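Enquirer: Could you have a look at this structure, given as structure tokens, before my questions?
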Amino acid sequence: MGLFGSKEIVGLDIGSSSVKMAHVKAVGAENRLRKFGVFPLPADAIVDGAIMDHGAVVEGIKTALRELKVHEKEVALSLSGHSVIIKKVQLPTTTAEELEESIQWEVEQYIPFDIKDVKIDFQVIGPLADDPSKMDVLLVAAKTDLINDYMSVVKDAGLVPRIVDIDSLAAGNAFELTHPVSDDQVPMVVNVGASFMNINILHAGIPLFTRDVPMGGGMYTTEIQKQVAVSFETAEEYKTGKKDPGERSEKVTEIMKVVSGLLATEAQRSCNFFSATYPDRLVTKVYLTGGASRSAFLKELLAEKIGVDVEIFDPFEGLTVEDHAADPSVVSQLNTSATVSIGLALRNLEARG
């Protein structure tokens with residue numbers, strides 16, 4: 001589902017710490033990864049999902065295009081943050097065409113923004129089992145200003161925005177298309193980026209519960225920087241294990257464990273809320289992905305708090321990676337960072353298939 005929605009479309013994930021770009025092409029029954037790369041953005045170029053440094057983000061996108069030698073112009077991009085609302089609502093059963101005409105009035109009560117300031121999209125999930133006169137609808141609303149800001153940097157980088165999606169839905173799409181599971185499974189996809197943790201609980205390909213938590217991998221860096229009194233760069237190296245903290249090791253370990261515990265607790269809260277809403281569909285497994293998914297203690301604490309197995313989800317495993325598609329070190333070290341951009345790139349193939 002996109003807020004708007006072709007020639008081949010490139011997936012463009014503009015995150016708070018980096019730009020991720022992916023190009024996937026269908027060849028027969030295979031989805032082939034043709035290009036992928038991760039390109040860092042300056043600190044504070046994007047804060048809480050809002051673009052603060054337009055020029056830096058445009059330059060980051062141009063760098064990705066140049067380095068990857070991507071010539072396609074049409075892109076799918078995605079949003080997350082405080083200006084995005086995703087809600088499952090119950091509305092009177094009607095056709096998608098009729099709902100298209102009445103959606104503004106039907107959903108005004110569910111959106112905490114002025115209805116004139118948002119763009120709305122929806123996906124009909126289906127009629128209620130116990131009351132067919134009502135149906136479940138997945139409602140997505142995003143502030144027009146946020147959409148325009150993201151479309152503006154894309155256009156200024158020389159690209160054409162064709163699809164605007166939501167991070168949690170794009171991550172769920174990557175999972176559905178590269179790691180399909182049977183319909184008796186209820187997977188919980190947890191995508192941990194630098195600023196946000198996107199949660200998507202699916203059943204039979206339908207997103208039943210989504211949530212953007214304003215916490216992410218940047219918390220580790222911030223806390224190390226603050227509590228150990230080191231620079232941002234050094235804190236990043238301690239966090240990722242690229243540098244030995246030496247006599248500070250015990251403190252850094254403690255910080256990593258505390259922050260991972262906070263993230264795991266938020267994921268647990270989402271899981272508990274879902275279980276209360278859908279007592280007959282309990283989460284069967286957690287699939288952990290995103291740039292911060294391999295942070296120390298996170299996988300173990302998620303398993304402990306939620307009480308199910310946790311697997312690192314690598315979106316490349318369901319794709320054929322072409323030679324020269326990406327630097328091998330990027331594929332091995334940054335594969336989980338690709339999830340949203342892969343989910344976006346696959347939107348085009350999904351629409352065509």
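By order in the structure tokens, chains are A, B, ...; within a chain, residues start at 1; ligands start at 1, following the order shown.
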Show which residues sit within 12 Å of Glu97 in chain A, as a PDB file with N, CA and C atoms, in the first residue's frame. Count only C-alpha atoms, and ignore same-chain residues fewer than 3 positions away.
Expert:
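Wrote out_17.pdb, looks like this:
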```
ATOM      1  N   THR A  93     -19.518  -1.839   6.168  1.00  0.00           N
ATOM      2  CA  THR A  93     -19.076  -2.567   4.977  1.00  0.00           C
ATOM      3  C   THR A  93     -19.561  -1.859   3.714  1.00  0.00           C
ATOM      4  N   THR A  94     -18.601  -1.641   2.816  1.00  0.00           N
ATOM      5  CA  THR A  94     -18.906  -0.989   1.546  1.00  0.00           C
ATOM      6  C   THR A  94     -17.832  -1.398   0.540  1.00  0.00           C
ATOM      7  N   GLU A 100     -13.521   5.121  -1.022  1.00  0.00           N
ATOM      8  CA  GLU A 100     -12.607   6.141  -1.558  1.00  0.00           C
ATOM      9  C   GLU A 100     -13.260   7.515  -1.511  1.00  0.00           C
ATOM     10  N   GLU A 101     -14.555   7.565  -1.780  1.00  0.00           N
ATOM     11  CA  GLU A 101     -15.267   8.837  -1.824  1.00  0.00           C
ATOM     12  C   GLU A 101     -15.611   9.364  -0.430  1.00  0.00           C
ATOM     13  N   SER A 102     -15.818   8.447   0.520  1.00  0.00           N
ATOM     14  CA  SER A 102     -16.294   8.880   1.837  1.00  0.00           C
ATOM     15  C   SER A 102     -15.231   8.829   2.934  1.00  0.00           C
ATOM     16  N   ILE A 103     -14.015   8.385   2.579  1.00  0.00           N
ATOM     17  CA  ILE A 103     -12.996   8.102   3.605  1.00  0.00           C
ATOM     18  C   ILE A 103     -12.704   9.316   4.489  1.00  0.00           C
ATOM     19  N   PHE A 122      -5.896   3.836   2.496  1.00  0.00           N
ATOM     20  CA  PHE A 122      -6.474   2.751   3.291  1.00  0.00           C
ATOM     21  C   PHE A 122      -6.335   1.429   2.555  1.00  0.00           C
ATOM     22  N   GLN A 123      -6.457   0.356   3.315  1.00  0.00           N
ATOM     23  CA  GLN A 123      -6.514  -0.985   2.744  1.00  0.00           C
ATOM     24  C   GLN A 123      -7.637  -1.727   3.461  1.00  0.00           C
ATOM     25  N   VAL A 124      -8.598  -2.241   2.699  1.00  0.00           N
ATOM     26  CA  VAL A 124      -9.693  -3.009   3.294  1.00  0.00           C
ATOM     27  C   VAL A 124      -9.152  -4.390   3.677  1.00  0.00           C
TER      28      VAL A 124
END
```
Enquirer: Would you list the contacts of range 11-28 of chain A as a PDB file with all heavy atoms, in the first residue's frame, taking every protein, DNA or RNA residue within 8 Å and counting only C-alpha atoms, but skipping same-chain residues closer than 4 positions in sequence?
Expert:
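Result went into part.pdb, see below:
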```
ATOM      1  N   ARG A  32      15.680 -10.442  -8.504  1.00  0.00           N
ATOM      2  CA  ARG A  32      17.139 -10.273  -8.520  1.00  0.00           C
ATOM      3  C   ARG A  32      17.524  -8.894  -7.995  1.00  0.00           C
ATOM      4  O   ARG A  32      17.009  -7.873  -8.476  1.00  0.00           O
ATOM      5  CB  ARG A  32      17.685 -10.463  -9.935  1.00  0.00           C
ATOM      6  CG  ARG A  32      17.320 -11.806 -10.558  1.00  0.00           C
ATOM      7  CD  ARG A  32      17.855 -11.927 -11.969  1.00  0.00           C
ATOM      8  NE  ARG A  32      19.287 -12.144 -11.984  1.00  0.00           N
ATOM      9  CZ  ARG A  32      19.866 -13.351 -11.991  1.00  0.00           C
ATOM     10  NH1 ARG A  32      19.111 -14.433 -11.985  1.00  0.00           N
ATOM     11  NH2 ARG A  32      21.174 -13.461 -12.013  1.00  0.00           N
ATOM     12  N   LEU A  33      18.424  -8.875  -7.022  1.00  0.00           N
ATOM     13  CA  LEU A  33      18.941  -7.612  -6.512  1.00  0.00           C
ATOM     14  C   LEU A  33      20.020  -7.122  -7.464  1.00  0.00           C
ATOM     15  O   LEU A  33      21.068  -7.752  -7.622  1.00  0.00           O
ATOM     16  CB  LEU A  33      19.537  -7.790  -5.110  1.00  0.00           C
ATOM     17  CG  LEU A  33      20.094  -6.505  -4.474  1.00  0.00           C
ATOM     18  CD1 LEU A  33      18.965  -5.550  -4.116  1.00  0.00           C
ATOM     19  CD2 LEU A  33      20.930  -6.828  -3.230  1.00  0.00           C
ATOM     20  N   ARG A  34      19.754  -5.990  -8.111  1.00  0.00           N
ATOM     21  CA  ARG A  34      20.698  -5.454  -9.082  1.00  0.00           C
ATOM     22  C   ARG A  34      21.656  -4.449  -8.459  1.00  0.00           C
ATOM     23  O   ARG A  34      22.820  -4.375  -8.827  1.00  0.00           O
ATOM     24  CB  ARG A  34      19.944  -4.808 -10.246  1.00  0.00           C
ATOM     25  CG  ARG A  34      18.945  -5.758 -10.903  1.00  0.00           C
ATOM     26  CD  ARG A  34      18.541  -5.293 -12.267  1.00  0.00           C
ATOM     27  NE  ARG A  34      19.646  -5.457 -13.196  1.00  0.00           N
ATOM     28  CZ  ARG A  34      19.600  -5.047 -14.467  1.00  0.00           C
ATOM     29  NH1 ARG A  34      18.525  -4.445 -14.928  1.00  0.00           N
ATOM     30  NH2 ARG A  34      20.628  -5.216 -15.265  1.00  0.00           N
ATOM     31  N   LYS A  35      21.135  -3.641  -7.514  1.00  0.00           N
ATOM     32  CA  LYS A  35      21.971  -2.629  -6.867  1.00  0.00           C
ATOM     33  C   LYS A  35      21.522  -2.438  -5.434  1.00  0.00           C
ATOM     34  O   LYS A  35      20.326  -2.432  -5.145  1.00  0.00           O
ATOM     35  CB  LYS A  35      21.869  -1.271  -7.596  1.00  0.00           C
ATOM     36  CG  LYS A  35      22.366  -1.247  -9.041  1.00  0.00           C
ATOM     37  CD  LYS A  35      23.879  -1.280  -9.116  1.00  0.00           C
ATOM     38  CE  LYS A  35      24.398  -1.460 -10.533  1.00  0.00           C
ATOM     39  NZ  LYS A  35      24.156  -0.323 -11.391  1.00  0.00           N
ATOM     40  N   PHE A  36      22.482  -2.245  -4.535  1.00  0.00           N
ATOM     41  CA  PHE A  36      22.149  -1.853  -3.163  1.00  0.00           C
ATOM     42  C   PHE A  36      23.341  -1.137  -2.545  1.00  0.00           C
ATOM     43  O   PHE A  36      24.492  -1.516  -2.752  1.00  0.00           O
ATOM     44  CB  PHE A  36      21.793  -3.059  -2.274  1.00  0.00           C
ATOM     45  CG  PHE A  36      21.599  -2.656  -0.831  1.00  0.00           C
ATOM     46  CD1 PHE A  36      20.483  -1.925  -0.456  1.00  0.00           C
ATOM     47  CD2 PHE A  36      22.566  -2.922   0.128  1.00  0.00           C
ATOM     48  CE1 PHE A  36      20.322  -1.494   0.853  1.00  0.00           C
ATOM     49  CE2 PHE A  36      22.406  -2.506   1.441  1.00  0.00           C
ATOM     50  CZ  PHE A  36      21.285  -1.789   1.801  1.00  0.00           C
ATOM     51  N   GLY A  37      23.052  -0.091  -1.781  1.00  0.00           N
ATOM     52  CA  GLY A  37      24.109   0.605  -1.058  1.00  0.00           C
ATOM     53  C   GLY A  37      23.557   1.417   0.086  1.00  0.00           C
ATOM     54  O   GLY A  37      22.360   1.738   0.137  1.00  0.00           O
ATOM     55  N   VAL A  38      24.443   1.705   1.050  1.00  0.00           N
ATOM     56  CA  VAL A  38      24.094   2.525   2.220  1.00  0.00           C
ATOM     57  C   VAL A  38      25.046   3.715   2.242  1.00  0.00           C
ATOM     58  O   VAL A  38      26.268   3.533   2.172  1.00  0.00           O
ATOM     59  CB  VAL A  38      24.245   1.714   3.529  1.00  0.00           C
ATOM     60  CG1 VAL A  38      23.901   2.581   4.733  1.00  0.00           C
ATOM     61  CG2 VAL A  38      23.371   0.466   3.502  1.00  0.00           C
ATOM     62  N   PHE A  39      24.495   4.917   2.354  1.00  0.00           N
ATOM     63  CA  PHE A  39      25.307   6.133   2.273  1.00  0.00           C
ATOM     64  C   PHE A  39      24.968   7.041   3.450  1.00  0.00           C
ATOM     65  O   PHE A  39      23.813   7.458   3.602  1.00  0.00           O
ATOM     66  CB  PHE A  39      25.045   6.830   0.933  1.00  0.00           C
ATOM     67  CG  PHE A  39      25.326   5.917  -0.229  1.00  0.00           C
ATOM     68  CD1 PHE A  39      24.315   5.122  -0.753  1.00  0.00           C
ATOM     69  CD2 PHE A  39      26.605   5.794  -0.746  1.00  0.00           C
ATOM     70  CE1 PHE A  39      24.567   4.238  -1.789  1.00  0.00           C
ATOM     71  CE2 PHE A  39      26.868   4.917  -1.783  1.00  0.00           C
ATOM     72  CZ  PHE A  39      25.850   4.128  -2.313  1.00  0.00           C
ATOM     73  N   PRO A  40      25.956   7.306   4.328  1.00  0.00           N
ATOM     74  CA  PRO A  40      25.667   8.046   5.561  1.00  0.00           C
ATOM     75  C   PRO A  40      25.220   9.479   5.323  1.00  0.00           C
ATOM     76  O   PRO A  40      25.622  10.119   4.342  1.00  0.00           O
ATOM     77  CB  PRO A  40      27.002   8.003   6.320  1.00  0.00           C
ATOM     78  CG  PRO A  40      28.041   7.660   5.308  1.00  0.00           C
ATOM     79  CD  PRO A  40      27.362   6.904   4.221  1.00  0.00           C
ATOM     80  N   LEU A  41      24.378   9.959   6.233  1.00  0.00           N
ATOM     81  CA  LEU A  41      23.964  11.363   6.253  1.00  0.00           C
ATOM     82  C   LEU A  41      24.606  12.028   7.467  1.00  0.00           C
ATOM     83  O   LEU A  41      24.899  11.366   8.458  1.00  0.00           O
ATOM     84  CB  LEU A  41      22.435  11.464   6.381  1.00  0.00           C
ATOM     85  CG  LEU A  41      21.606  11.063   5.170  1.00  0.00           C
ATOM     86  CD1 LEU A  41      20.125  11.076   5.519  1.00  0.00           C
ATOM     87  CD2 LEU A  41      21.878  11.989   3.989  1.00  0.00           C
ATOM     88  N   PRO A  42      24.806  13.348   7.405  1.00  0.00           N
ATOM     89  CA  PRO A  42      25.344  14.048   8.580  1.00  0.00           C
ATOM     90  C   PRO A  42      24.390  13.920   9.769  1.00  0.00           C
ATOM     91  O   PRO A  42      23.176  13.792   9.589  1.00  0.00           O
ATOM     92  CB  PRO A  42      25.432  15.512   8.121  1.00  0.00           C
ATOM     93  CG  PRO A  42      25.299  15.491   6.643  1.00  0.00           C
ATOM     94  CD  PRO A  42      24.546  14.252   6.279  1.00  0.00           C
ATOM     95  N   ALA A  43      24.960  13.949  10.970  1.00  0.00           N
ATOM     96  CA  ALA A  43      24.129  13.921  12.176  1.00  0.00           C
ATOM     97  C   ALA A  43      23.133  15.083  12.133  1.00  0.00           C
ATOM     98  O   ALA A  43      23.477  16.192  11.709  1.00  0.00           O
ATOM     99  CB  ALA A  43      25.005  14.021  13.421  1.00  0.00           C
ATOM    100  N   ASP A  44      21.909  14.828  12.513  1.00  0.00           N
ATOM    101  CA  ASP A  44      20.837  15.837  12.594  1.00  0.00           C
ATOM    102  C   ASP A  44      20.341  16.337  11.243  1.00  0.00           C
ATOM    103  O   ASP A  44      19.626  17.336  11.176  1.00  0.00           O
ATOM    104  CB  ASP A  44      21.260  17.038  13.460  1.00  0.00           C
ATOM    105  CG  ASP A  44      21.550  16.632  14.899  1.00  0.00           C
ATOM    106  OD1 ASP A  44      20.937  15.646  15.358  1.00  0.00           O
ATOM    107  OD2 ASP A  44      22.381  17.285  15.545  1.00  0.00           O
ATOM    108  N   ALA A  45      20.709  15.646  10.151  1.00  0.00           N
ATOM    109  CA  ALA A  45      20.116  16.007   8.854  1.00  0.00           C
ATOM    110  C   ALA A  45      18.631  15.688   8.869  1.00  0.00           C
ATOM    111  O   ALA A  45      17.808  16.394   8.275  1.00  0.00           O
ATOM    112  CB  ALA A  45      20.805  15.264   7.715  1.00  0.00           C
ATOM    113  N   ILE A  46      18.289  14.603   9.583  1.00  0.00           N
ATOM    114  CA  ILE A  46      16.888  14.225   9.788  1.00  0.00           C
ATOM    115  C   ILE A  46      16.704  13.949  11.271  1.00  0.00           C
ATOM    116  O   ILE A  46      17.468  13.187  11.867  1.00  0.00           O
ATOM    117  CB  ILE A  46      16.519  12.978   8.962  1.00  0.00           C
ATOM    118  CG1 ILE A  46      16.610  13.304   7.464  1.00  0.00           C
ATOM    119  CG2 ILE A  46      15.121  12.481   9.319  1.00  0.00           C
ATOM    120  CD1 ILE A  46      16.314  12.145   6.551  1.00  0.00           C
ATOM    121  N   VAL A  47      15.722  14.583  11.890  1.00  0.00           N
ATOM    122  CA  VAL A  47      15.474  14.427  13.333  1.00  0.00           C
ATOM    123  C   VAL A  47      14.017  14.017  13.527  1.00  0.00           C
ATOM    124  O   VAL A  47      13.102  14.699  13.046  1.00  0.00           O
ATOM    125  CB  VAL A  47      15.769  15.740  14.096  1.00  0.00           C
ATOM    126  CG1 VAL A  47      15.446  15.576  15.572  1.00  0.00           C
ATOM    127  CG2 VAL A  47      17.230  16.153  13.902  1.00  0.00           C
ATOM    128  N   ASP A  48      13.810  12.894  14.205  1.00  0.00           N
ATOM    129  CA  ASP A  48      12.457  12.385  14.467  1.00  0.00           C
ATOM    130  C   ASP A  48      11.623  12.293  13.194  1.00  0.00           C
ATOM    131  O   ASP A  48      10.428  12.609  13.178  1.00  0.00           O
ATOM    132  CB  ASP A  48      11.723  13.265  15.497  1.00  0.00           C
ATOM    133  CG  ASP A  48      12.363  13.177  16.873  1.00  0.00           C
ATOM    134  OD1 ASP A  48      13.026  12.163  17.145  1.00  0.00           O
ATOM    135  OD2 ASP A  48      12.193  14.121  17.668  1.00  0.00           O
ATOM    136  N   GLY A  49      12.260  11.884  12.109  1.00  0.00           N
ATOM    137  CA  GLY A  49      11.543  11.699  10.852  1.00  0.00           C
ATOM    138  C   GLY A  49      11.372  12.958  10.027  1.00  0.00           C
ATOM    139  O   GLY A  49      10.913  12.903   8.882  1.00  0.00           O
ATOM    140  N   GLY A  60      23.018  13.348  -0.283  1.00  0.00           N
ATOM    141  CA  GLY A  60      23.097  11.924   0.049  1.00  0.00           C
ATOM    142  C   GLY A  60      22.442  11.049  -1.006  1.00  0.00           C
ATOM    143  O   GLY A  60      22.973   9.984  -1.372  1.00  0.00           O
ATOM    144  N   ILE A  61      21.293  11.493  -1.517  1.00  0.00           N
ATOM    145  CA  ILE A  61      20.602  10.737  -2.572  1.00  0.00           C
ATOM    146  C   ILE A  61      21.424  10.752  -3.859  1.00  0.00           C
ATOM    147  O   ILE A  61      21.577   9.726  -4.539  1.00  0.00           O
ATOM    148  CB  ILE A  61      19.191  11.314  -2.820  1.00  0.00           C
ATOM    149  CG1 ILE A  61      18.340  11.207  -1.553  1.00  0.00           C
ATOM    150  CG2 ILE A  61      18.509  10.597  -3.982  1.00  0.00           C
ATOM    151  CD1 ILE A  61      17.019  11.978  -1.618  1.00  0.00           C
ATOM    152  N   ALA A  64      24.259   8.342  -3.638  1.00  0.00           N
ATOM    153  CA  ALA A  64      23.794   6.963  -3.835  1.00  0.00           C
ATOM    154  C   ALA A  64      23.619   6.660  -5.324  1.00  0.00           C
ATOM    155  O   ALA A  64      24.073   5.614  -5.816  1.00  0.00           O
ATOM    156  CB  ALA A  64      22.474   6.746  -3.092  1.00  0.00           C
ATOM    157  N   VAL A  75      11.091   6.379  -8.146  1.00  0.00           N
ATOM    158  CA  VAL A  75      11.412   5.772  -6.854  1.00  0.00           C
ATOM    159  C   VAL A  75      10.160   5.597  -5.991  1.00  0.00           C
ATOM    160  O   VAL A  75       9.166   6.299  -6.146  1.00  0.00           O
ATOM    161  CB  VAL A  75      12.456   6.609  -6.060  1.00  0.00           C
ATOM    162  CG1 VAL A  75      13.763   6.721  -6.815  1.00  0.00           C
ATOM    163  CG2 VAL A  75      11.919   7.992  -5.707  1.00  0.00           C
ATOM    164  N   ALA A  76      10.272   4.628  -5.085  1.00  0.00           N
ATOM    165  CA  ALA A  76       9.312   4.478  -3.992  1.00  0.00           C
ATOM    166  C   ALA A  76      10.040   4.894  -2.728  1.00  0.00           C
ATOM    167  O   ALA A  76      11.180   4.472  -2.490  1.00  0.00           O
ATOM    168  CB  ALA A  76       8.852   3.025  -3.883  1.00  0.00           C
ATOM    169  N   LEU A  77       9.419   5.756  -1.934  1.00  0.00           N
ATOM    170  CA  LEU A  77      10.038   6.197  -0.684  1.00  0.00           C
ATOM    171  C   LEU A  77       9.062   5.958   0.450  1.00  0.00           C
ATOM    172  O   LEU A  77       7.906   5.601   0.232  1.00  0.00           O
ATOM    173  CB  LEU A  77      10.432   7.665  -0.760  1.00  0.00           C
ATOM    174  CG  LEU A  77       9.305   8.683  -0.968  1.00  0.00           C
ATOM    175  CD1 LEU A  77       9.593   9.947  -0.178  1.00  0.00           C
ATOM    176  CD2 LEU A  77       9.226   9.048  -2.466  1.00  0.00           C
ATOM    177  N   SER A  78       9.533   6.111   1.685  1.00  0.00           N
ATOM    178  CA  SER A  78       8.638   5.837   2.818  1.00  0.00           C
ATOM    179  C   SER A  78       8.868   6.811   3.954  1.00  0.00           C
ATOM    180  O   SER A  78       9.898   7.494   4.025  1.00  0.00           O
ATOM    181  CB  SER A  78       8.818   4.396   3.303  1.00  0.00           C
ATOM    182  OG  SER A  78      10.140   4.185   3.753  1.00  0.00           O
ATOM    183  N   GLY A 193      15.721   0.987  13.424  1.00  0.00           N
ATOM    184  CA  GLY A 193      16.588   1.936  12.743  1.00  0.00           C
ATOM    185  C   GLY A 193      17.312   2.809  13.746  1.00  0.00           C
ATOM    186  O   GLY A 193      17.368   2.500  14.938  1.00  0.00           O
ATOM    187  N   ALA A 194      17.845   3.924  13.278  1.00  0.00           N
ATOM    188  CA  ALA A 194      18.614   4.803  14.162  1.00  0.00           C
ATOM    189  C   ALA A 194      17.702   5.571  15.122  1.00  0.00           C
ATOM    190  O   ALA A 194      18.029   5.742  16.294  1.00  0.00           O
ATOM    191  CB  ALA A 194      19.443   5.778  13.331  1.00  0.00           C
ATOM    192  N   SER A 195      16.536   6.024  14.630  1.00  0.00           N
ATOM    193  CA  SER A 195      15.652   6.864  15.449  1.00  0.00           C
ATOM    194  C   SER A 195      14.331   6.212  15.801  1.00  0.00           C
ATOM    195  O   SER A 195      13.685   6.622  16.762  1.00  0.00           O
ATOM    196  CB  SER A 195      15.344   8.176  14.715  1.00  0.00           C
ATOM    197  OG  SER A 195      16.508   8.929  14.547  1.00  0.00           O
ATOM    198  N   SER A 337      20.112  -3.613   7.206  1.00  0.00           N
ATOM    199  CA  SER A 337      19.774  -2.203   6.948  1.00  0.00           C
ATOM    200  C   SER A 337      18.953  -2.050   5.670  1.00  0.00           C
ATOM    201  O   SER A 337      18.365  -0.996   5.425  1.00  0.00           O
ATOM    202  CB  SER A 337      21.059  -1.366   6.795  1.00  0.00           C
ATOM    203  OG  SER A 337      21.811  -1.374   7.969  1.00  0.00           O
ATOM    204  N   ALA A 338      18.927  -3.105   4.859  1.00  0.00           N
ATOM    205  CA  ALA A 338      18.298  -3.020   3.535  1.00  0.00           C
ATOM    206  C   ALA A 338      16.801  -3.247   3.558  1.00  0.00           C
ATOM    207  O   ALA A 338      16.124  -3.028   2.555  1.00  0.00           O
ATOM    208  CB  ALA A 338      18.945  -4.052   2.608  1.00  0.00           C
ATOM    209  N   VAL A 340      13.835  -1.991   4.584  1.00  0.00           N
ATOM    210  CA  VAL A 340      12.819  -1.044   4.102  1.00  0.00           C
ATOM    211  C   VAL A 340      13.022  -0.746   2.616  1.00  0.00           C
ATOM    212  O   VAL A 340      12.057  -0.754   1.835  1.00  0.00           O
ATOM    213  CB  VAL A 340      12.819   0.257   4.940  1.00  0.00           C
ATOM    214  CG1 VAL A 340      11.944   1.334   4.289  1.00  0.00           C
ATOM    215  CG2 VAL A 340      12.319  -0.031   6.353  1.00  0.00           C
ATOM    216  N   SER A 341      14.263  -0.520   2.199  1.00  0.00           N
ATOM    217  CA  SER A 341      14.502  -0.202   0.777  1.00  0.00           C
ATOM    218  C   SER A 341      14.156  -1.387  -0.118  1.00  0.00           C
ATOM    219  O   SER A 341      13.627  -1.199  -1.225  1.00  0.00           O
ATOM    220  CB  SER A 341      15.953   0.242   0.554  1.00  0.00           C
ATOM    221  OG  SER A 341      16.871  -0.769   0.895  1.00  0.00           O
ATOM    222  N   ILE A 342      14.406  -2.612   0.345  1.00  0.00           N
ATOM    223  CA  ILE A 342      14.021  -3.802  -0.435  1.00  0.00           C
ATOM    224  C   ILE A 342      12.494  -3.896  -0.504  1.00  0.00           C
ATOM    225  O   ILE A 342      11.914  -4.163  -1.567  1.00  0.00           O
ATOM    226  CB  ILE A 342      14.600  -5.090   0.203  1.00  0.00           C
ATOM    227  CG1 ILE A 342      16.132  -5.095   0.147  1.00  0.00           C
ATOM    228  CG2 ILE A 342      14.013  -6.337  -0.457  1.00  0.00           C
ATOM    229  CD1 ILE A 342      16.746  -5.282  -1.205  1.00  0.00           C
ATOM    230  N   GLY A 343      11.831  -3.664   0.629  1.00  0.00           N
ATOM    231  CA  GLY A 343      10.363  -3.687   0.640  1.00  0.00           C
ATOM    232  C   GLY A 343       9.773  -2.660  -0.311  1.00  0.00           C
ATOM    233  O   GLY A 343       8.757  -2.917  -0.974  1.00  0.00           O
ATOM    234  N   LEU A 344      10.412  -1.509  -0.412  1.00  0.00           N
ATOM    235  CA  LEU A 344       9.952  -0.463  -1.330  1.00  0.00           C
ATOM    236  C   LEU A 344      10.203  -0.860  -2.782  1.00  0.00           C
ATOM    237  O   LEU A 344       9.332  -0.684  -3.640  1.00  0.00           O
ATOM    238  CB  LEU A 344      10.665   0.857  -1.023  1.00  0.00           C
ATOM    239  CG  LEU A 344      10.295   1.523   0.303  1.00  0.00           C
ATOM    240  CD1 LEU A 344      11.262   2.663   0.622  1.00  0.00           C
ATOM    241  CD2 LEU A 344       8.861   2.037   0.273  1.00  0.00           C
ATOM    242  N   ALA A 345      11.393  -1.396  -3.060  1.00  0.00           N
ATOM    243  CA  ALA A 345      11.723  -1.812  -4.429  1.00  0.00           C
ATOM    244  C   ALA A 345      10.777  -2.919  -4.899  1.00  0.00           C
ATOM    245  O   ALA A 345      10.424  -2.987  -6.089  1.00  0.00           O
ATOM    246  CB  ALA A 345      13.175  -2.293  -4.492  1.00  0.00           C
ATOM    247  N   LEU A 346      10.344  -3.770  -3.976  1.00  0.00           N
ATOM    248  CA  LEU A 346       9.440  -4.876  -4.321  1.00  0.00           C
ATOM    249  C   LEU A 346       7.995  -4.419  -4.518  1.00  0.00           C
ATOM    250  O   LEU A 346       7.183  -5.167  -5.060  1.00  0.00           O
ATOM    251  CB  LEU A 346       9.493  -5.951  -3.235  1.00  0.00           C
ATOM    252  CG  LEU A 346      10.785  -6.776  -3.190  1.00  0.00           C
ATOM    253  CD1 LEU A 346      10.858  -7.592  -1.904  1.00  0.00           C
ATOM    254  CD2 LEU A 346      10.892  -7.696  -4.408  1.00  0.00           C
ATOM    255  N   LEU A 349       7.188  -4.631  -8.209  1.00  0.00           N
ATOM    256  CA  LEU A 349       7.015  -5.982  -8.720  1.00  0.00           C
ATOM    257  C   LEU A 349       5.699  -6.571  -8.236  1.00  0.00           C
ATOM    258  O   LEU A 349       5.019  -7.289  -8.956  1.00  0.00           O
ATOM    259  CB  LEU A 349       8.185  -6.868  -8.268  1.00  0.00           C
ATOM    260  CG  LEU A 349       9.589  -6.312  -8.594  1.00  0.00           C
ATOM    261  CD1 LEU A 349      10.649  -7.321  -8.219  1.00  0.00           C
ATOM    262  CD2 LEU A 349       9.701  -5.966 -10.066  1.00  0.00           C
TER     263      LEU A 349
END
```
Enquirer: Mind pulling up the distance from CA of Asn191 in chain A to CA of Thr336 in chain A?
Expert: 8.7 Å
Enquirer: Please list as an MDAnalysis selection string every residue within 10 Å of Thr210 in chain A, counting only C-alpha atoms and excluding residues in the same chain fewer than 3 positions away.
Expert: chainID A and resid 85:88 138 168:169 172 188:190 198:202 207 213 270 274
Enquirer: Using only C-alpha atoms for the distances, tell me which of A:Val58, A:Leu208, A:Val308, A:Val252 is nearest to Phe273 in chain A.
Expert: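 Using only C-alpha atoms, Phe273 in chain A sits closest to A:Leu208.
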Enquirer: What does the structure give for the distance between CA of Ser83 in chain A and CA of Asp117 in chain A, in Å to one decimal?
Expert: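 Computing the Euclidean distance for CA of Ser83 in chain A and CA of Asp117 in chain A yields 10.4 Å.
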Enquirer: Got a sec: who's within 8 Å of range 50-55 of chain A, counting only C-alpha atoms, leaving out chain neighbours fewer than 6 positions off, as JSON, numbers by chain?
Expert: {"A": [44, 81, 146, 149, 150, 153]}
Enquirer: Let me see the file: selected residues, C-alpha atoms, as an mmCIF file, in the first residue's frame.
Expert:
```
data_model
loop_
_atom_site.group_PDB
_atom_site.id
_atom_site.type_symbol
_atom_site.label_atom_id
_atom_site.label_comp_id
_atom_site.auth_asym_id
_atom_site.auth_seq_id
_atom_site.Cartn_x
_atom_site.Cartn_y
_atom_site.Cartn_z
ATOM 1 C CA ASP A 44 20.837 15.837 12.594
ATOM 2 C CA GLY A 81 7.524 9.302 12.818
ATOM 3 C CA LEU A 146 5.991 15.801 5.733
ATOM 4 C CA ASP A 149 9.339 17.657 2.301
ATOM 5 C CA TYR A 150 10.339 14.116 1.334
ATOM 6 C CA VAL A 153 14.376 16.222 -1.689
#
```
Enquirer: With distances taken over only C-alpha atoms, which residue among A:Asp184, A:Glu317, A:Ala303, A:Asn31 lies nearest Leu288 in chain A?
Expert: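 For Leu288 in chain A, the nearest of the given residues is A:Ala303.
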Enquirer: If you count only C-alpha atoms, which residues fall within 10 Å of Ser295 in chain A, apart from same-chain ones fewer than 3 positions away, as a VMD selection string?
Expert: chain A and resid 192 217 220 239 to 241 256 to 257 259 to 260 291 to 292 298 to 299
Enquirer: One number please: CA of Lys285 in chain A to CA of Val186 in chain A, in Å, one decimal.
Expert: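 CA of Lys285 in chain A sits 7.0 Å away from CA of Val186 in chain A.
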